[in-house]
$ cat data.tsv   # TSV, C-alpha atoms and all ligand atoms
chain	number	residue	atom	x	y	z
A	44	MET	CA	-13.74	18.15	-18.84
A	45	ALA	CA	-15.25	20.90	-16.70
A	46	ILE	CA	-14.59	20.43	-13.04
A	47	HIS	CA	-16.54	22.27	-10.40
A	48	THR	CA	-15.43	22.35	-6.85
A	49	ASP	CA	-16.14	24.73	-4.03
A	50	LYS	CA	-12.93	24.22	-2.20
A	51	ILE	CA	-10.17	23.47	-4.65
A	52	SER	CA	-8.66	25.65	-7.34
A	53	VAL	CA	-7.87	23.82	-10.54
A	54	GLU	CA	-5.23	24.66	-13.11
A	55	THR	CA	-5.40	22.15	-15.94
A	56	SER	CA	-2.52	21.03	-18.09
A	57	GLU	CA	-2.52	22.44	-21.63
A	58	THR	CA	-1.23	19.26	-23.14
A	59	SER	CA	-1.49	15.61	-22.09
A	60	LYS	CA	1.36	13.11	-21.98
A	61	ILE	CA	-1.04	10.22	-22.28
A	62	ASN	CA	-0.27	9.46	-25.93
A	63	THR	CA	3.41	8.97	-25.11
A	64	VAL	CA	2.66	6.16	-22.64
A	65	ASP	CA	2.68	2.48	-23.58
A	66	PHE	CA	-0.02	1.16	-21.27
A	67	SER	CA	0.75	-2.44	-22.15
A	68	ASN	CA	4.29	-2.11	-20.91
A	69	LEU	CA	4.32	-0.13	-17.65
A	70	ASP	CA	7.13	-0.24	-15.16
A	71	PHE	CA	5.50	0.25	-11.73
A	72	GLY	CA	5.61	3.83	-10.43
A	73	ARG	CA	7.65	5.50	-13.16
A	74	VAL	CA	5.01	7.29	-15.23
A	75	PHE	CA	2.76	9.94	-13.70
A	76	THR	CA	-0.51	11.40	-14.92
A	77	ASP	CA	-1.01	14.98	-16.09
A	78	HIS	CA	-2.11	16.46	-12.75
A	79	MET	CA	-1.39	16.42	-9.05
A	80	PHE	CA	-3.09	17.68	-5.91
A	81	VAL	CA	-1.20	19.99	-3.55
A	82	CYS	CA	-2.17	21.58	-0.24
A	83	ASP	CA	0.02	23.41	2.26
A	84	TYR	CA	-0.05	23.62	6.03
A	85	GLU	CA	0.95	27.03	7.31
A	86	ASP	CA	-0.09	29.25	10.24
A	87	GLY	CA	-1.66	26.27	11.97
A	88	LYS	CA	-4.02	25.25	9.15
A	89	TRP	CA	-4.23	23.43	5.84
A	90	GLN	CA	-4.81	25.98	3.13
A	91	ASN	CA	-4.85	26.73	-0.57
A	92	PRO	CA	-5.75	23.24	-1.87
A	93	LYS	CA	-5.11	23.09	-5.59
A	94	ILE	CA	-4.78	20.83	-8.56
A	95	MET	CA	-2.04	21.73	-11.00
A	96	PRO	CA	-0.12	20.13	-13.85
A	97	TYR	CA	2.28	17.42	-12.60
A	98	GLN	CA	5.63	19.15	-12.32
A	99	ALA	CA	8.90	19.36	-10.40
A	100	MET	CA	8.86	21.45	-7.23
A	101	THR	CA	11.51	23.36	-5.38
A	102	PHE	CA	12.18	23.17	-1.64
A	103	GLU	CA	14.83	24.82	0.43
A	104	PRO	CA	17.74	22.51	1.25
A	105	SER	CA	16.92	23.14	4.90
A	106	ALA	CA	13.38	21.73	4.54
A	107	ARG	CA	13.00	19.51	7.57
A	108	VAL	CA	11.96	16.45	5.62
A	109	PHE	CA	15.47	16.15	4.19
A	110	HIS	CA	17.03	16.07	7.64
A	111	TYR	CA	14.64	14.34	10.01
A	112	GLY	CA	12.44	12.31	7.70
A	113	GLN	CA	9.07	13.73	8.67
A	114	ALA	CA	7.31	12.04	5.77
A	115	VAL	CA	4.34	9.68	5.56
A	116	PHE	CA	2.48	8.23	2.60
A	117	GLU	CA	-0.38	6.05	1.44
A	118	GLY	CA	-0.91	3.62	-1.42
A	119	MET	CA	-4.33	3.07	-2.98
A	120	LYS	CA	-5.79	2.33	-6.39
A	121	ALA	CA	-8.60	3.50	-8.68
A	122	TYR	CA	-10.30	0.96	-10.96
A	123	LYS	CA	-12.56	1.38	-14.00
A	124	ASP	CA	-15.30	-1.04	-15.03
A	125	ASP	CA	-16.34	-1.75	-18.62
A	126	ASP	CA	-19.03	0.96	-18.44
A	127	GLY	CA	-16.42	3.57	-17.56
A	128	LYS	CA	-17.41	3.87	-13.89
A	129	VAL	CA	-14.49	4.60	-11.59
A	130	PHE	CA	-14.12	3.05	-8.13
A	131	LEU	CA	-11.84	3.31	-5.15
A	132	PHE	CA	-11.53	0.45	-2.65
A	133	ARG	CA	-12.20	1.33	1.01
A	134	PRO	CA	-10.59	4.81	0.62
A	135	LYS	CA	-11.67	5.93	4.07
A	136	GLN	CA	-9.25	3.37	5.49
A	137	ASN	CA	-6.38	5.09	3.68
A	138	PHE	CA	-7.57	8.51	4.76
A	139	GLU	CA	-7.69	7.42	8.40
A	140	ARG	CA	-4.37	5.64	8.16
A	141	ILE	CA	-2.45	8.60	6.71
A	142	ASN	CA	-3.63	10.70	9.61
A	143	LYS	CA	-2.67	7.98	12.08
A	144	SER	CA	0.78	7.85	10.45
A	145	SER	CA	1.05	11.65	10.57
A	146	GLY	CA	0.05	11.70	14.24
A	147	ARG	CA	2.84	9.26	15.10
A	148	LEU	CA	5.37	11.56	13.40
A	149	ALA	CA	4.02	14.68	15.14
A	150	MET	CA	2.53	15.94	11.87
A	151	PRO	CA	-0.92	17.58	11.57
A	152	ALA	CA	-3.97	15.60	10.43
A	153	PHE	CA	-5.29	16.33	6.94
A	154	PRO	CA	-9.00	17.27	6.62
A	155	GLU	CA	-11.33	14.61	5.21
A	156	ASP	CA	-13.18	17.00	2.85
A	157	TYR	CA	-9.94	18.15	1.20
A	158	PHE	CA	-8.70	14.56	0.94
A	159	PHE	CA	-11.80	13.29	-0.87
A	160	GLU	CA	-12.47	16.38	-2.93
A	161	GLY	CA	-8.83	16.56	-4.02
A	162	LEU	CA	-8.69	12.88	-4.87
A	163	GLU	CA	-11.97	12.78	-6.76
A	164	THR	CA	-11.31	15.97	-8.71
A	165	LEU	CA	-7.91	14.60	-9.70
A	166	LEU	CA	-9.45	11.31	-10.84
A	167	LYS	CA	-12.02	13.13	-12.96
A	168	LEU	CA	-9.31	15.22	-14.64
A	169	ASP	CA	-7.04	12.23	-15.23
A	170	ASN	CA	-9.90	9.84	-15.96
A	171	ASP	CA	-8.42	8.69	-19.29
A	172	TRP	CA	-5.40	7.35	-17.44
A	173	ILE	CA	-7.56	4.76	-15.66
A	174	LYS	CA	-7.84	1.83	-18.04
A	175	PRO	CA	-10.67	-0.68	-17.71
A	176	GLY	CA	-10.00	-4.40	-17.38
A	177	VAL	CA	-9.02	-6.59	-14.45
A	178	GLY	CA	-5.36	-6.02	-13.68
A	179	ASN	CA	-5.35	-2.38	-14.79
A	180	SER	CA	-5.51	0.36	-12.20
A	181	LEU	CA	-4.32	3.84	-11.38
A	182	TYR	CA	-2.03	3.74	-8.36
A	183	LEU	CA	-2.59	6.74	-6.09
A	184	ARG	CA	0.11	8.07	-3.82
A	185	PRO	CA	-1.02	10.59	-1.19
A	186	PHE	CA	1.91	11.79	0.93
A	187	VAL	CA	2.91	14.50	3.38
A	188	ILE	CA	6.34	16.07	3.89
A	189	ALA	CA	7.73	18.67	6.29
A	190	THR	CA	8.65	21.72	4.21
A	191	GLU	CA	9.64	24.23	6.86
A	192	PRO	CA	13.15	25.54	6.16
A	193	ALA	CA	14.73	25.01	9.59
A	194	ILE	CA	17.12	22.35	10.77
A	195	SER	CA	16.68	22.22	14.50
A	196	ALA	CA	15.59	18.70	15.44
A	197	SER	CA	11.94	19.37	16.18
A	198	PRO	CA	8.63	19.01	14.36
A	199	ALA	CA	8.00	21.40	11.49
A	200	SER	CA	5.37	24.11	11.41
A	201	MET	CA	4.97	23.85	7.61
A	202	TYR	CA	3.97	20.79	5.59
A	203	ARG	CA	2.87	19.90	2.08
A	204	PHE	CA	0.24	17.24	1.31
A	205	MET	CA	0.22	15.91	-2.24
A	206	ILE	CA	-1.39	13.22	-4.35
A	207	ILE	CA	0.31	11.93	-7.46
A	208	CYS	CA	-1.04	9.14	-9.68
A	209	SER	CA	0.69	6.45	-11.70
A	210	PRO	CA	-0.94	3.96	-14.07
A	211	ALA	CA	-0.27	0.37	-13.04
A	212	LYS	CA	-0.68	-3.02	-14.58
A	213	SER	CA	-0.69	-6.12	-12.50
A	214	TYR	CA	1.45	-8.57	-14.35
A	215	TYR	CA	1.11	-12.24	-13.69
A	216	ASN	CA	3.20	-12.09	-10.55
A	217	SER	CA	5.32	-15.14	-10.15
A	218	ALA	CA	5.76	-16.55	-6.66
A	219	VAL	CA	8.46	-14.99	-4.50
A	220	ARG	CA	11.13	-16.62	-2.34
A	221	VAL	CA	11.59	-15.03	1.06
A	222	LEU	CA	14.17	-14.94	3.81
A	223	ILE	CA	12.97	-14.86	7.42
A	224	ALA	CA	14.77	-12.14	9.37
A	225	ASP	CA	16.88	-13.28	12.31
A	226	HIS	CA	19.10	-10.24	12.80
A	227	TYR	CA	17.72	-7.05	11.24
A	228	SER	CA	14.33	-5.59	12.19
A	229	ARG	CA	11.96	-3.19	10.45
A	230	SER	CA	10.17	-2.06	13.59
A	231	ALA	CA	10.09	-2.34	17.34
A	232	ASN	CA	7.66	-2.08	20.23
A	233	GLY	CA	6.72	1.56	20.67
A	234	GLY	CA	8.29	2.39	17.30
A	235	VAL	CA	6.83	3.55	14.00
A	236	GLY	CA	6.20	0.19	12.30
A	237	ALA	CA	2.43	0.72	12.31
A	238	ALA	CA	2.83	4.07	10.53
A	239	LYS	CA	3.41	4.32	6.81
A	240	ALA	CA	6.46	6.42	7.54
A	241	ALA	CA	8.95	6.86	4.68
A	242	GLY	CA	11.88	5.90	6.92
A	243	ASN	CA	10.44	2.43	7.56
A	244	TYR	CA	11.03	1.62	3.92
A	245	ALA	CA	14.52	3.10	3.76
A	246	ALA	CA	15.44	0.93	6.76
A	247	GLN	CA	14.45	-2.22	4.88
A	248	PHE	CA	16.46	-1.61	1.72
A	249	TYR	CA	19.84	-2.74	3.02
A	250	PRO	CA	18.73	-6.01	4.70
A	251	THR	CA	16.53	-6.74	1.67
A	252	SER	CA	19.51	-6.21	-0.65
A	253	LEU	CA	21.45	-8.79	1.39
A	254	ALA	CA	18.53	-11.23	1.03
A	255	GLN	CA	18.43	-10.55	-2.71
A	256	LYS	CA	22.10	-11.42	-3.03
A	257	LYS	CA	21.18	-14.81	-1.55
A	258	GLY	CA	18.40	-15.28	-4.12
A	259	PHE	CA	15.39	-14.13	-2.06
A	260	GLN	CA	13.19	-11.31	-3.30
A	261	GLN	CA	11.80	-10.27	0.06
A	262	VAL	CA	12.38	-10.47	3.78
A	263	VAL	CA	9.67	-11.61	6.18
A	264	TRP	CA	10.23	-9.56	9.30
A	265	THR	CA	10.12	-11.05	12.76
A	266	ASP	CA	9.65	-9.31	16.12
A	267	ALA	CA	12.73	-7.31	17.07
A	268	ASP	CA	12.91	-8.72	20.62
A	269	THR	CA	13.10	-12.42	19.95
A	270	HIS	CA	12.97	-12.95	16.15
A	271	THR	CA	10.59	-15.82	16.83
A	272	LEU	CA	7.31	-14.29	15.58
A	273	LEU	CA	6.48	-13.89	11.90
A	274	GLU	CA	5.15	-10.40	11.28
A	275	GLU	CA	5.03	-8.93	7.77
A	276	ALA	CA	6.97	-8.54	4.52
A	277	GLY	CA	8.31	-5.38	2.80
A	278	THR	CA	4.98	-3.90	1.68
A	279	MET	CA	2.67	-6.79	2.52
A	280	ASN	CA	1.01	-8.47	5.45
A	281	VAL	CA	1.55	-12.23	5.48
A	282	PHE	CA	-0.87	-15.17	5.70
A	283	PHE	CA	-0.05	-18.83	6.35
A	284	ARG	CA	-2.30	-21.72	5.35
A	285	VAL	CA	-1.86	-24.77	7.54
A	286	ASN	CA	-4.10	-27.56	6.22
A	287	ASP	CA	-7.29	-25.58	5.52
A	288	LYS	CA	-6.84	-22.93	8.19
A	289	LEU	CA	-5.39	-19.47	7.66
A	290	ILE	CA	-3.22	-17.75	10.26
A	291	THR	CA	-2.03	-14.15	10.30
A	292	ALA	CA	-0.31	-12.01	12.92
A	293	PRO	CA	-2.36	-9.49	14.90
A	294	THR	CA	-1.68	-5.82	14.23
A	295	SER	CA	0.46	-4.00	16.79
A	296	ASP	CA	2.86	-1.04	17.01
A	297	ARG	CA	5.15	-3.07	14.78
A	298	ILE	CA	2.80	-4.02	11.94
A	299	LEU	CA	0.95	-1.97	9.36
A	300	ASP	CA	-2.82	-2.42	9.60
A	301	GLY	CA	-3.24	-3.38	5.93
A	302	VAL	CA	-6.51	-2.80	4.09
A	303	THR	CA	-5.97	-5.96	2.02
A	304	ARG	CA	-5.26	-7.93	5.20
A	305	LYS	CA	-8.45	-6.83	6.92
A	306	SER	CA	-10.44	-7.49	3.74
A	307	ILE	CA	-9.07	-11.04	3.50
A	308	ILE	CA	-9.94	-11.72	7.14
A	309	GLN	CA	-13.53	-10.65	6.36
A	310	LEU	CA	-13.68	-12.60	3.09
A	311	ALA	CA	-12.38	-15.72	4.85
A	312	GLU	CA	-15.27	-15.44	7.27
A	313	ASP	CA	-17.72	-14.97	4.38
A	314	LEU	CA	-16.28	-18.02	2.60
A	315	GLY	CA	-16.36	-20.19	5.74
A	316	ILE	CA	-12.55	-20.41	5.97
A	317	THR	CA	-11.17	-20.35	9.50
A	318	CYS	CA	-8.72	-17.48	9.94
A	319	GLU	CA	-6.84	-17.25	13.22
A	320	VAL	CA	-5.47	-13.81	14.05
A	321	ARG	CA	-2.76	-14.55	16.57
A	322	PRO	CA	1.02	-14.49	16.97
A	323	VAL	CA	2.56	-16.92	14.46
A	324	THR	CA	5.86	-18.50	15.45
A	325	VAL	CA	8.71	-19.29	13.09
A	326	ALA	CA	8.96	-22.67	14.83
A	327	GLU	CA	5.36	-23.71	14.12
A	328	ILE	CA	5.61	-22.75	10.44
A	329	LYS	CA	8.88	-24.66	10.05
A	330	GLU	CA	7.26	-27.63	11.79
A	331	ALA	CA	4.23	-27.39	9.49
A	332	ALA	CA	6.55	-27.24	6.46
A	333	LYS	CA	8.31	-30.38	7.69
A	334	ASP	CA	5.16	-32.40	8.37
A	335	GLY	CA	3.47	-31.33	5.13
A	336	SER	CA	0.61	-29.38	6.70
A	337	LEU	CA	1.93	-26.00	5.46
A	338	LYS	CA	0.07	-25.56	2.17
A	339	GLU	CA	0.64	-21.90	1.38
A	340	ILE	CA	2.20	-18.63	2.44
A	341	PHE	CA	1.14	-15.44	0.71
A	342	GLY	CA	1.61	-11.71	1.08
A	343	ALA	CA	-1.33	-9.29	0.86
A	344	GLY	CA	-1.14	-5.61	-0.06
A	345	THR	CA	-2.54	-3.01	-2.43
A	346	ALA	CA	0.29	-3.11	-4.98
A	347	ALA	CA	0.35	-6.86	-5.78
A	348	VAL	CA	-3.03	-7.74	-4.19
A	349	ILE	CA	-1.83	-11.26	-3.31
A	350	SER	CA	1.70	-12.48	-3.77
A	351	PRO	CA	2.22	-16.24	-3.36
A	352	ILE	CA	5.42	-17.36	-1.64
A	353	SER	CA	7.12	-20.48	-3.04
A	354	ALA	CA	9.98	-20.91	-0.58
A	355	PHE	CA	11.37	-19.56	2.67
A	356	GLU	CA	14.71	-19.79	4.40
A	357	HIS	CA	15.40	-19.43	8.09
A	358	GLN	CA	18.85	-19.77	9.63
A	359	ASP	CA	20.15	-21.66	6.59
A	360	GLU	CA	17.23	-24.10	6.49
A	361	LEU	CA	15.39	-23.84	3.17
A	362	PHE	CA	11.78	-24.92	2.71
A	363	GLU	CA	10.11	-25.18	-0.69
A	364	ILE	CA	6.32	-24.94	-0.79
A	365	SER	CA	5.42	-27.30	-3.60
A	366	SER	CA	1.67	-26.66	-3.49
A	367	VAL	CA	2.16	-22.96	-4.34
A	368	ASP	CA	0.61	-23.30	-7.81
A	369	ALA	CA	-2.34	-25.48	-6.79
A	370	GLU	CA	-5.51	-24.59	-8.68
A	371	ASP	CA	-7.48	-24.53	-5.42
A	372	SER	CA	-5.02	-22.27	-3.59
A	373	TYR	CA	-6.40	-19.68	-1.20
A	374	ALA	CA	-4.04	-17.15	-2.81
A	375	LYS	CA	-5.86	-17.51	-6.16
A	376	LEU	CA	-9.27	-17.54	-4.48
A	377	PHE	CA	-8.69	-14.35	-2.48
A	378	LYS	CA	-7.00	-12.55	-5.36
A	379	GLN	CA	-9.89	-13.26	-7.71
A	380	THR	CA	-12.51	-12.42	-5.09
A	381	LEU	CA	-10.85	-9.10	-4.28
A	382	LEU	CA	-10.26	-8.15	-7.92
A	383	ASN	CA	-13.89	-8.91	-8.75
A	384	ILE	CA	-15.08	-6.61	-6.00
A	385	GLN	CA	-12.59	-3.88	-6.91
A	386	HIS	CA	-13.54	-3.95	-10.62
A	387	ASN	CA	-17.31	-3.99	-10.00
A	388	LEU	CA	-17.68	-7.55	-11.28
A	389	SER	CA	-19.29	-9.04	-8.18
A	390	GLU	CA	-21.58	-8.21	-5.33
A	391	ASP	CA	-20.07	-5.83	-2.78
A	392	LYS	CA	-21.84	-6.92	0.35
A	393	HIS	CA	-19.64	-4.94	2.73
A	394	GLY	CA	-19.88	-1.65	0.81
A	395	TRP	CA	-16.15	-1.55	0.07
A	396	ARG	CA	-16.45	-0.01	-3.39
A	397	TYR	CA	-16.58	3.78	-3.50
A	398	GLU	CA	-17.76	5.19	-6.80
A	399	VAL	CA	-16.14	8.41	-8.02
A	400	LYS	CA	-19.03	10.27	-9.66
A	501	LIG	C1	4.68	-2.45	5.61
A	501	LIG	C2	3.42	-2.76	4.88
A	501	LIG	N1	2.65	-3.78	5.29
A	501	LIG	C3	1.49	-4.08	4.70
A	501	LIG	C4	1.03	-3.35	3.60
A	501	LIG	C5	-0.29	-3.69	2.97
A	501	LIG	O1	-1.24	-2.71	3.26
A	501	LIG	P1	-2.46	-2.42	2.27
A	501	LIG	O2	-3.18	-3.72	2.13
A	501	LIG	O3	-3.28	-1.40	2.98
A	501	LIG	O4	-1.88	-1.96	0.99
A	501	LIG	C6	1.81	-2.29	3.12
A	501	LIG	C7	1.36	-1.50	1.96
A	501	LIG	O5	0.72	-0.51	2.11
A	501	LIG	C8	3.02	-1.98	3.78
A	501	LIG	O6	3.78	-0.97	3.34

$ encode --input "data.tsv" --output "structure tokens"
Amino acid sequence: MAIHTDKISVETSETSKINTVDFSNLDFGRVFTDHMFVCDYEDGKWQNPKIMPYQAMTFEPSARVFHYGQAVFEGMKAYKDDDGKVFLFRPKQNFERINKSSGRLAMPAFPEDYFFEGLETLLKLDNDWIKPGVGNSLYLRPFVIATEPAISASPASMYRFMIICSPAKSYYNSAVRVLIADHYSRSANGGVGAAKAAGNYAAQFYPTSLAQKKGFQQVVWTDADTHTLLEEAGTMNVFFRVNDKLITAPTSDRILDGVTRKSIIQLAEDLGITCEVRPVTVAEIKEAAKDGSLKEIFGAGTAAVISPISAFEHQDELFEISSVDAEDSYAKLFKQTLLNIQHNLSEDKHGWRYEVK
């Protein structure tokens, strides 16, 4: 395919790996498409944006990212409808959020024209990797790392922005069991929790591995000060359904402002479902579980879309949510509604779809 772009130089791959990939059996995030987008920050500006074959790169061992973790990323998806049209979902939100994350880590903002031109050119080149059908998508991973070879503890003057792409299949995701944090924290007031900073994820691995040993797949994080407020899960914001009302925590320094979360809040309004955005206490959710008014808990994020939660434990008290598989669950309703919008199968009254032409 011929690609024309004013700003970006394109070196295409001579061969494609696509025929070696079993698209019906994909392990999330292990297979990458033929191309990637790369742009460097040097001498105070982003320069030399290019698309090149996906390949290993070399960095000096002193590159600052290896020492001080100046690294931020995004997660978004491209979808294809049955006519072969390709769509992104609210991509401007991801563009704005990566720059917000970068700002928090003293990293330079990436220009909007390079972001969109790089992304769209990449999607046109790797178009065959985007499979049609609800549940299929191409996961897109924009990220920025500090490349300057210098190990004094200060912000770098050289960075690399990249986008890599990985085909994804959403399997029927079975409900997850979660542990509510009462010792470890993922973020704190004034910290970096609201940034998609690489280190936030590293910090969760150990406490999550402890939860996994106890039979829980994920941790629901609470506020670091008091551990009494329910905040978010590993890579998902969290919603609680008490009777017919939804509740979710407000965003803050400690919580990622999720695109799926804000879309669900809007869809709830469209569907006439009350959604309270306010601090949610562990105590009220335990109380609601005890008196039977807690109908559902689900996580919301780009990777899984909606992930129902079937049980939670807090300080050795275990609560099973028996209505998790109900046909009329909000989790199913929001998942279907979002997927239909993302795959161009329903009206898009908020203009969330972004066609890659
Ligand atoms: C910590 C955290 N919370 C929430 C989310 C959900 O955000 P989004 O819906 O934008 O994917 C993510 C994933 O990006 C995340 O990493």

$ closest_atom_pairs --input "data.tsv" --of "chain A" --to "ligand LIG 501 (chain A)" --cutoff "8 Å" --atoms "all atoms listed in the file" --output "CSV"
residue,atom,partner,partner_atom,distance
A:Glu117,CA,A:LIG501,O5,6.7
A:Gly118,CA,A:LIG501,O5,5.7
A:Met119,CA,A:LIG501,O4,6.9
A:Asn137,CA,A:LIG501,O3,7.2
A:Gly236,CA,A:LIG501,C1,7.4
A:Ala237,CA,A:LIG501,C1,7.7
A:Lys239,CA,A:LIG501,O6,6.3
A:Asn243,CA,A:LIG501,C1,7.8
A:Tyr244,CA,A:LIG501,O6,7.7
A:Glu275,CA,A:LIG501,N1,6.2
A:Ala276,CA,A:LIG501,N1,6.5
A:Gly277,CA,A:LIG501,C1,5.4
A:Thr278,CA,A:LIG501,C8,3.5
A:Met279,CA,A:LIG501,C3,3.7
A:Asn280,CA,A:LIG501,C3,4.5
A:Ile298,CA,A:LIG501,N1,6.7
A:Leu299,CA,A:LIG501,N1,4.8
A:Asp300,CA,A:LIG501,O1,6.5
A:Gly301,CA,A:LIG501,O1,3.4
A:Val302,CA,A:LIG501,O3,3.7
A:Thr303,CA,A:LIG501,O2,3.6
A:Arg304,CA,A:LIG501,O2,5.6
A:Lys305,CA,A:LIG501,O2,7.8
A:Ala343,CA,A:LIG501,O2,6.0
A:Gly344,CA,A:LIG501,O2,3.5
A:Thr345,CA,A:LIG501,O4,3.6
A:Ala346,CA,A:LIG501,O4,6.5
A:Val348,CA,A:LIG501,O2,7.5

$ residues_around --input "data.tsv" --residues "Glu155 of chain A" --least-positions-apart "6" --cutoff "12 Å" --atoms "only C-alpha atoms" --output "JSON, numbers by chain"
{"A": [89, 134, 135, 136, 137, 138, 139, 140, 141, 142, 161, 162]}

$ write_last_selection --input "data.tsv" --atoms "C-alpha atoms" --output "mmCIF file, in the frame of the given file"
data_model
loop_
_atom_site.group_PDB
_atom_site.id
_atom_site.type_symbol
_atom_site.label_atom_id
_atom_site.label_comp_id
_atom_site.auth_asym_id
_atom_site.auth_seq_id
_atom_site.Cartn_x
_atom_site.Cartn_y
_atom_site.Cartn_z
ATOM 1 C CA TRP A 89 -4.230 23.430 5.840
ATOM 2 C CA PRO A 134 -10.590 4.810 0.620
ATOM 3 C CA LYS A 135 -11.670 5.930 4.070
ATOM 4 C CA GLN A 136 -9.250 3.370 5.490
ATOM 5 C CA ASN A 137 -6.380 5.090 3.680
ATOM 6 C CA PHE A 138 -7.570 8.510 4.760
ATOM 7 C CA GLU A 139 -7.690 7.420 8.400
ATOM 8 C CA ARG A 140 -4.370 5.640 8.160
ATOM 9 C CA ILE A 141 -2.450 8.600 6.710
ATOM 10 C CA ASN A 142 -3.630 10.700 9.610
ATOM 11 C CA GLY A 161 -8.830 16.560 -4.020
ATOM 12 C CA LEU A 162 -8.690 12.880 -4.870
#

$ residues_near_point --input "data.tsv" --point "(15.4, -10.7, 16.6)" --cutoff "8 Å" --atoms "only C-alpha atoms" --output "list of chain:residue names"
A:Ala224, A:Asp225, A:His226, A:Tyr227, A:Ser228, A:Thr265, A:Asp266, A:Ala267, A:Asp268, A:Thr269, A:His270, A:Thr271

$ residues_around --input "data.tsv" --residues "segment 123-125 of chain A" --least-positions-apart "4" --cutoff "12 Å" --atoms "all atoms listed in the file" --output "ChimeraX atom specification"
/A:129-132,166-167,170-181,210,382-389,396-400

$ residues_around --input "data.tsv" --residues "Ile223 of chain A" --least-positions-apart "6" --cutoff "9 Å" --atoms "only C-alpha atoms" --output "ChimeraX atom specification"
/A:261-265,270,273,325,355-358

$ atom_distance --input "data.tsv" --atom1 "atom CA of Val323 of chain A" --atom2 "atom CA of Leu272 of chain A"
5.5 Å

$ atom_distance --input "data.tsv" --atom1 "atom CA of Ala369 of chain A" --atom2 "atom CA of Glu339 of chain A"
9.4 Å

$ atom_distance --input "data.tsv" --atom1 "atom CA of Arg229 of chain A" --atom2 "atom CA of Ala246 of chain A"
6.5 Å

$ residues_around --input "data.tsv" --residues "Glu363 of chain A" --least-positions-apart "3" --cutoff "10 Å" --atoms "all atoms listed in the file" --output "PyMOL selection string"
chain A and resi 220+332+352-356+366-367

$ closest_residue --input "data.tsv" --among "A:Glu319, A:Asp49, A:Asp334, A:Asp368" --to "Asp156 of chain A" --atoms "all atoms listed in the file"
A:Asp49

$ residues_around --input "data.tsv" --residues "Ile194 of chain A" --least-positions-apart "4" --cutoff "12 Å" --atoms "only C-alpha atoms" --output "JSON, numbers by chain"
{"A": [103, 104, 105, 106, 107, 108, 109, 110, 111, 112, 113, 189, 190, 198, 199, 200]}

$ closest_residue --input "data.tsv" --among "A:Val187, A:Ile61, A:Leu69, A:Leu168" --to "Tyr84 of chain A" --atoms "only C-alpha atoms"
A:Val187

$ build_atoms --input "data.tsv" --residues "segment 230-239 of chain A" --atoms "N, CA, C and O atoms" --output "tab-separated table (two decimals), in the coordinates of the input"
chain	number	residue	atom	x	y	z
A	230	SER	N	10.95	-2.84	12.63
A	230	SER	CA	10.17	-2.06	13.59
A	230	SER	C	10.37	-2.64	14.99
A	230	SER	O	10.88	-3.74	15.14
A	231	ALA	N	9.92	-1.89	15.96
A	231	ALA	CA	10.09	-2.34	17.34
A	231	ALA	C	8.89	-1.91	18.16
A	231	ALA	O	8.12	-1.04	17.74
A	232	ASN	N	8.73	-2.49	19.32
A	232	ASN	CA	7.66	-2.08	20.23
A	232	ASN	C	7.79	-0.59	20.50
A	232	ASN	O	8.89	-0.10	20.77
A	233	GLY	N	6.67	0.12	20.40
A	233	GLY	CA	6.72	1.56	20.67
A	233	GLY	C	7.31	2.36	19.53
A	233	GLY	O	7.44	3.58	19.63
A	234	GLY	N	7.66	1.70	18.43
A	234	GLY	CA	8.29	2.39	17.30
A	234	GLY	C	7.27	2.89	16.29
A	234	GLY	O	6.12	3.17	16.64
A	235	VAL	N	7.69	2.97	15.03
A	235	VAL	CA	6.83	3.55	14.00
A	235	VAL	C	6.38	2.52	12.96
A	235	VAL	O	5.89	2.88	11.89
A	236	GLY	N	6.53	1.24	13.27
A	236	GLY	CA	6.20	0.19	12.30
A	236	GLY	C	4.77	0.24	11.82
A	236	GLY	O	4.47	-0.09	10.67
A	237	ALA	N	3.84	0.67	12.69
A	237	ALA	CA	2.43	0.72	12.31
A	237	ALA	C	2.09	1.95	11.48
A	237	ALA	O	0.99	2.06	10.96
A	238	ALA	N	3.05	2.87	11.37
A	238	ALA	CA	2.83	4.07	10.53
A	238	ALA	C	3.41	3.80	9.15
A	238	ALA	O	4.38	3.06	9.00
A	239	LYS	N	2.81	4.41	8.15
A	239	LYS	CA	3.41	4.32	6.81
A	239	LYS	C	4.37	5.49	6.69
A	239	LYS	O	4.14	6.47	5.99
